[in-house]
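Below is coords_33.cif, holding mmCIF, C-alpha atoms.
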```
data_final
#
loop_
_atom_site.label_atom_id
_atom_site.label_comp_id
_atom_site.auth_asym_id
_atom_site.auth_seq_id
_atom_site.Cartn_x
_atom_site.Cartn_y
_atom_site.Cartn_z
CA MET A 1 56.71 81.83 29.53
CA HIS A 2 58.88 84.80 28.57
CA GLN A 3 57.17 86.86 31.29
CA CYS A 4 57.94 84.11 33.82
CA TYR A 5 61.58 84.19 32.75
CA HIS A 6 61.69 87.96 33.15
CA ASP A 7 60.00 87.89 36.56
CA LEU A 8 62.20 85.08 37.89
CA SER A 9 65.34 86.81 36.63
CA PHE A 10 64.33 89.92 38.56
CA LEU A 11 63.21 88.14 41.73
CA LEU A 12 66.16 85.75 41.94
CA TYR A 13 68.80 88.21 40.66
CA GLN A 14 70.81 85.35 39.26
CA ARG A 15 72.56 85.34 35.90
CA THR A 16 69.99 85.14 33.14
CA THR A 17 71.87 82.15 31.69
CA ASP A 18 71.27 80.26 34.93
CA VAL A 19 67.59 81.25 35.03
CA ARG A 20 67.16 80.04 31.42
CA GLY A 21 68.70 76.70 32.40
CA LEU A 22 66.83 76.35 35.71
CA ARG A 23 65.70 72.74 36.08
CA ARG A 24 62.70 71.59 38.06
CA ALA A 25 65.03 69.41 40.16
CA GLN A 26 66.75 72.57 41.47
CA VAL A 27 63.47 73.66 43.08
CA ARG A 28 63.14 71.65 46.28
CA ASP A 29 62.61 71.87 50.01
CA GLY A 30 61.49 75.50 49.91
CA VAL A 31 64.57 76.76 48.05
CA ILE A 32 65.93 77.10 44.54
CA HIS A 33 69.47 75.77 44.38
CA PHE A 34 71.89 77.49 42.03
CA ALA A 35 75.42 76.44 41.16
CA PRO A 36 76.11 79.50 38.98
CA SER A 37 77.69 78.61 35.65
CA LYS A 38 80.18 81.47 35.84
CA THR A 39 81.63 80.42 39.23
CA LEU A 40 81.56 76.69 38.50
CA ASN A 41 85.21 76.50 37.47
CA SER A 42 86.53 79.22 39.79
CA SER A 43 85.15 79.55 43.32
CA GLY A 44 82.47 76.87 42.91
CA LYS A 45 80.25 79.09 45.04
CA GLU A 46 76.62 77.96 45.20
CA VAL A 47 73.53 79.64 46.61
CA ASP A 48 70.13 78.49 47.87
CA ILE A 49 67.41 81.08 47.43
CA PRO A 50 64.37 80.72 49.69
CA ILE A 51 61.13 80.57 47.73
CA THR A 52 59.17 83.67 48.73
CA ARG A 53 55.49 84.13 47.99
CA ALA A 54 56.34 86.28 44.94
CA ILE A 55 58.71 83.61 43.58
CA GLN A 56 56.12 80.88 44.19
CA VAL A 57 53.52 82.81 42.21
CA VAL A 58 55.86 82.92 39.20
CA LEU A 59 56.83 79.24 39.59
CA ASP A 60 53.12 78.33 39.69
CA ARG A 61 52.45 80.40 36.57
CA ALA A 62 55.32 78.65 34.76
CA ALA A 63 54.00 75.25 35.91
CA ASP A 64 50.51 76.12 34.59
CA LEU A 65 52.00 77.09 31.24
CA SER A 66 54.04 73.87 31.20
CA ARG A 67 50.88 71.83 31.73
CA GLU A 68 49.15 73.68 28.87
CA ILE A 69 52.11 72.99 26.59
CA ALA A 70 52.18 69.33 27.67
CA LYS A 71 48.48 68.94 26.81
CA LYS A 72 48.97 70.38 23.33
CA ARG A 73 52.35 68.87 22.49
CA GLY A 74 52.77 65.94 24.87
CA VAL A 75 56.13 67.32 26.00
CA ILE A 76 57.24 67.94 29.55
CA GLY A 77 60.86 68.99 29.70
CA PRO A 78 63.13 69.24 32.73
CA PHE A 79 63.24 73.06 32.65
CA VAL A 80 61.14 75.51 34.64
CA ILE A 81 61.26 78.03 31.78
CA HIS A 82 61.09 76.36 28.37
CA THR A 83 60.05 76.55 24.77
CA ARG A 84 56.98 74.81 23.35
CA GLN A 85 59.28 71.89 22.57
CA GLY A 86 60.31 71.57 26.25
CA ALA A 87 63.88 72.79 25.70
CA SER A 88 65.52 75.69 27.51
CA TYR A 89 65.53 78.95 25.64
CA THR A 90 68.67 79.83 23.75
CA ARG A 91 70.41 83.13 24.33
CA SER A 92 69.34 84.38 20.90
CA GLY A 93 65.75 83.21 21.48
CA ILE A 94 65.45 85.23 24.67
CA HIS A 95 67.12 88.27 23.10
CA SER A 96 64.69 88.09 20.17
CA ALA A 97 61.76 88.00 22.59
CA TYR A 98 63.17 91.06 24.36
CA ARG A 99 63.56 92.95 21.09
CA ARG A 100 59.95 92.18 20.14
CA ALA A 101 58.66 93.19 23.59
CA ASP A 102 60.77 96.34 23.56
CA GLU A 103 59.34 97.40 20.23
CA GLU A 104 55.79 96.49 21.28
CA LEU A 105 56.06 98.42 24.56
CA HIS A 106 57.84 101.50 23.27
CA GLY A 107 57.02 101.68 19.56
CA THR A 108 60.70 101.96 18.79
CA PRO A 109 63.25 99.82 20.66
CA ILE A 110 64.98 101.55 23.58
CA GLY A 111 67.43 98.73 24.27
CA LEU A 112 65.70 96.44 26.78
CA ASN A 113 67.80 93.36 27.36
CA PRO A 114 67.93 90.52 29.89
CA LYS A 115 71.48 91.35 31.03
CA ALA A 116 70.20 94.57 32.64
CA LEU A 117 67.90 92.65 35.00
CA ARG A 118 70.51 91.40 37.45
CA PRO A 119 72.16 94.73 38.28
CA PHE A 120 68.76 96.43 38.35
CA ALA A 121 67.35 93.81 40.76
CA ALA A 122 70.42 94.08 43.00
CA THR A 123 70.12 97.87 43.03
CA MET A 124 66.44 97.69 43.94
CA ALA A 125 67.24 95.24 46.75
CA LYS A 126 69.88 97.65 48.06
CA LYS A 127 67.33 100.48 48.00
CA GLN A 128 64.92 98.27 49.96
CA GLY A 129 67.48 98.11 52.74
CA TYR A 130 69.47 94.94 52.07
CA ARG A 131 73.10 95.21 53.07
CA LEU A 132 75.96 94.77 50.63
CA ASP A 133 77.10 91.56 52.36
CA GLN A 134 73.59 90.09 51.96
CA LEU A 135 73.58 90.95 48.27
CA GLN A 136 77.05 89.48 47.86
CA VAL A 137 75.77 86.12 49.14
CA GLY A 138 72.64 86.29 46.99
CA LEU A 139 74.61 87.13 43.87
CA ALA A 140 77.18 84.40 44.67
CA HIS A 141 80.05 86.87 44.43
CA THR A 142 83.36 86.05 46.09
CA SER A 143 84.28 89.72 46.36
CA GLN A 144 82.26 92.58 47.80
CA ARG A 145 83.93 94.79 45.21
CA THR A 146 82.16 92.84 42.45
CA THR A 147 78.85 93.32 44.24
CA GLU A 148 79.51 97.06 44.53
CA GLY A 149 79.91 97.14 40.73
CA TYR A 150 76.36 95.86 40.39
CA GLN A 151 74.96 98.86 42.23
CA LYS A 152 73.76 100.95 39.35
CA GLN A 153 72.26 104.38 39.72
CA HIS A 154 68.73 104.17 38.34
CA GLU A 155 67.63 107.56 39.58
CA VAL A 156 68.57 111.13 38.94
CA THR A 157 69.93 113.05 41.89
CA ALA A 158 68.31 116.36 42.75
CA ARG A 159 70.41 119.42 43.36
CA ASP A 160 69.87 120.81 46.83
CA VAL A 161 71.85 124.02 46.47
CA ALA A 162 69.68 127.07 45.86
CA ARG A 163 71.28 130.31 44.69
CA SER A 164 69.91 133.79 44.46
CA LEU A 165 71.08 136.61 42.27
CA PRO A 166 73.40 139.15 43.85
CA PRO A 167 71.93 142.59 44.52
CA ASN A 168 71.67 144.70 41.38
CA PRO A 169 73.60 147.95 41.92
CA THR A 170 71.43 149.86 39.43
CA ASN A 171 68.33 149.19 41.53
CA ALA A 172 69.89 150.49 44.70
CA ALA A 173 68.61 153.96 45.47
#
```
Representation of the structure as structure tokens:
Amino acid sequence: MHQCYHDLSFLLYQRTTDVRGLRRAQVRDGVIHFAPSKTLNSSGKEVDIPITRAIQVVLDRAADLSREIAKKRGVIGPFVIHTRQGASYTRSGIHSAYRRADEELHGTPIGLNPKALRPFAATMAKKQGYRLDQLQVGLAHTSQRTTEGYQKQHEVTARDVARSLPPNPTNAA
């Protein structure tokens, strides 16, 4: 279920809080409807994200896991991503899972955390050719400036200036 959370967070590039609280009722008519928690009291901006094939694969995997949990525990909660008890994950629960995965993957933790997913996903989308205005809509930002702040540099630039040594006067004959 944690992997489903991670994959949805990346594919949807919504706030991880909103992915944790994603309810089955928000998934309808070929879209996932988000009323982002952060904008609820300010702009009230909402976004419908079309369900792509990649998103559907993750939703199906989460549904399969939900059915397995329901068979064992008799619990079907309203959340797409949920604990064995059918509740949404808490912030600390997800962060603990990330710490464990980080340590398992790297031997020693390198600082993986769910908050890095959103800017990383937005940056990857930009590199795939999506325009800033498209990302602004997808991220439910009211300002393009905020969206620009999400564009993180995840690559090292290569220097393209080549220099040569000046002629050595002692070798001139």
So how far away is atom CA of Val75 of chain A from atom CA of Phe10 of chain A, in Å?
->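 Atom-to-atom, atom CA of Phe10 of chain A and atom CA of Val75 of chain A are spaced 27.1 Å apart.
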Please write the residues picked by the PyMOL selection byres ((chain A and resi 47-55) around 8) on this file as a VMD selection string.
-> chain A and resid 8 11 to 12 30 to 35 45 to 46 56 to 59 137 to 138 140
Convert the output of the PyMOL selection byres ((chain A and resi 150) around 8) on the shown file into explicit residues, formatted as a ChimeraX atom specification.
-> /A:118-120,122-123,146-149,151-152
Spell out the residues picked by the PyMOL selection byres ((chain A and resi 19) around 9) here, as an MDAnalysis selection string.
-> chainID A and resid 5 8:9 12 14:18 20:23 80:81
What separation in Å, quoted to one decimal, exists between atom CA of Gly111 of chain A and atom CA of Ser96 of chain A?
->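 Atom CA of Ser96 of chain A lies 11.7 Å from atom CA of Gly111 of chain A.
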May I ask for the distance between atom CA of Tyr13 of chain A and atom CA of Ala121 of chain A, given in Å to one decimal place?
->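 Distance between the two atoms: 5.8 Å.
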Choose the residue, out of A:Ala70, A:His6, A:Thr83, A:Arg28, that has the smallest atom-to-atom separation from Asn113 of chain A; count all atoms listed in the file.
->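 Looking at the shortest contact to Asn113 of chain A, the residue is A:His6.
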Which residue gives the smallest distance to Asp60 of chain A among A:His95, A:Arg24, A:Gln85, A:Pro78, with only C-alpha atoms counted?
->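 Going through A:His95, A:Arg24, A:Gln85, A:Pro78 one by one, the smallest distance to Asp60 of chain A is for A:Arg24.
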Of the candidates A:Gly44, A:Leu105, A:Ala25, A:Cys4, which shows the shortest atom-to-atom distance to Gly77 of chain A, using only C-alpha atoms?
->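 For Gly77 of chain A, the nearest of the given residues is A:Ala25.
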Between A:Arg100, A:Arg84, A:Lys72, A:Arg131, which is the closest to Leu112 of chain A once you count all atoms listed in the file?
-> A:Arg100
Shortest interatomic distance to Tyr98 of chain A - which of A:Gln144, A:Arg73, A:Gly86, A:Lys115, counting all atoms listed in the file |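 Between A:Gln144, A:Arg73, A:Gly86, A:Lys115, the residue approaching Tyr98 of chain A most closely is A:Lys115.
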Student task, segment 66-90 of chain A output with N, CA, C and O atoms as a tab-separated table (two decimals), in the first residue's frame:
```tsv
chain	number	residue	atom	x	y	z
A	66	SER	N	-6.70	-3.65	-1.08
A	66	SER	CA	-7.87	-3.37	-0.23
A	66	SER	C	-8.73	-4.62	-0.09
A	66	SER	O	-9.22	-4.92	1.00
A	67	ARG	N	-8.92	-5.33	-1.18
A	67	ARG	CA	-9.72	-6.57	-1.12
A	67	ARG	C	-9.05	-7.62	-0.25
A	67	ARG	O	-9.70	-8.31	0.51
A	68	GLU	N	-7.71	-7.73	-0.36
A	68	GLU	CA	-6.98	-8.67	0.49
A	68	GLU	C	-7.15	-8.31	1.97
A	68	GLU	O	-7.37	-9.19	2.80
A	69	ILE	N	-7.02	-7.04	2.27
A	69	ILE	CA	-7.17	-6.57	3.65
A	69	ILE	C	-8.60	-6.84	4.13
A	69	ILE	O	-8.81	-7.29	5.26
A	70	ALA	N	-9.58	-6.59	3.28
A	70	ALA	CA	-10.98	-6.80	3.65
A	70	ALA	C	-11.25	-8.27	3.96
A	70	ALA	O	-11.99	-8.59	4.89
A	71	LYS	N	-10.64	-9.18	3.18
A	71	LYS	CA	-10.82	-10.61	3.43
A	71	LYS	C	-10.27	-11.01	4.79
A	71	LYS	O	-10.87	-11.79	5.52
A	72	LYS	N	-9.10	-10.46	5.13
A	72	LYS	CA	-8.44	-10.83	6.39
A	72	LYS	C	-9.06	-10.14	7.59
A	72	LYS	O	-9.17	-10.70	8.66
A	73	ARG	N	-9.45	-8.88	7.43
A	73	ARG	CA	-9.89	-8.08	8.57
A	73	ARG	C	-11.36	-7.70	8.54
A	73	ARG	O	-11.87	-7.15	9.50
A	74	GLY	N	-12.01	-7.89	7.40
A	74	GLY	CA	-13.42	-7.52	7.29
A	74	GLY	C	-13.65	-6.03	7.27
A	74	GLY	O	-14.73	-5.55	7.59
A	75	VAL	N	-12.62	-5.27	6.88
A	75	VAL	CA	-12.71	-3.81	6.89
A	75	VAL	C	-12.51	-3.26	5.48
A	75	VAL	O	-11.53	-3.59	4.83
A	76	ILE	N	-13.44	-2.47	5.05
A	76	ILE	CA	-13.26	-1.71	3.81
A	76	ILE	C	-13.52	-0.25	4.15
A	76	ILE	O	-14.64	0.14	4.46
A	77	GLY	N	-12.47	0.53	4.13
A	77	GLY	CA	-12.59	1.94	4.47
A	77	GLY	C	-12.88	2.77	3.24
A	77	GLY	O	-12.87	2.28	2.11
A	78	PRO	N	-13.11	4.05	3.42
A	78	PRO	CA	-13.43	4.94	2.30
A	78	PRO	C	-12.20	5.43	1.53
A	78	PRO	O	-12.34	6.10	0.51
A	79	PHE	N	-11.00	5.08	1.99
A	79	PHE	CA	-9.78	5.64	1.41
A	79	PHE	C	-9.18	4.72	0.35
A	79	PHE	O	-9.23	3.50	0.48
A	80	VAL	N	-8.58	5.32	-0.67
A	80	VAL	CA	-7.88	4.55	-1.70
A	80	VAL	C	-6.61	3.95	-1.11
A	80	VAL	O	-6.32	2.77	-1.30
A	81	ILE	N	-5.87	4.75	-0.37
A	81	ILE	CA	-4.64	4.32	0.30
A	81	ILE	C	-4.96	4.27	1.79
A	81	ILE	O	-5.38	5.27	2.36
A	82	HIS	N	-4.78	3.11	2.41
A	82	HIS	CA	-5.20	2.99	3.81
A	82	HIS	C	-4.39	1.95	4.56
A	82	HIS	O	-3.70	1.13	3.98
A	83	THR	N	-4.51	2.02	5.86
A	83	THR	CA	-3.86	1.07	6.76
A	83	THR	C	-4.64	-0.23	6.76
A	83	THR	O	-5.72	-0.34	6.17
A	84	ARG	N	-4.14	-1.22	7.48
A	84	ARG	CA	-4.86	-2.50	7.60
A	84	ARG	C	-6.18	-2.34	8.34
A	84	ARG	O	-7.05	-3.19	8.26
A	85	GLN	N	-6.33	-1.23	9.05
A	85	GLN	CA	-7.58	-0.98	9.77
A	85	GLN	C	-8.57	-0.18	8.91
A	85	GLN	O	-9.66	0.13	9.37
A	86	GLY	N	-8.17	0.18	7.69
A	86	GLY	CA	-9.06	0.92	6.79
A	86	GLY	C	-9.00	2.43	6.94
A	86	GLY	O	-9.71	3.15	6.26
A	87	ALA	N	-8.14	2.92	7.83
A	87	ALA	CA	-8.01	4.36	8.04
A	87	ALA	C	-6.94	4.94	7.11
A	87	ALA	O	-6.09	4.21	6.61
A	88	SER	N	-6.99	6.25	6.89
A	88	SER	CA	-5.92	6.86	6.10
A	88	SER	C	-4.65	6.86	6.94
A	88	SER	O	-4.70	6.87	8.16
A	89	TYR	N	-3.53	6.84	6.26
A	89	TYR	CA	-2.26	6.90	6.96
A	89	TYR	C	-2.10	8.26	7.62
A	89	TYR	O	-2.53	9.28	7.09
A	90	THR	N	-1.44	8.27	8.76
A	90	THR	CA	-1.11	9.53	9.40
A	90	THR	C	0.19	10.04	8.79
A	90	THR	O	0.93	9.28	8.13
```
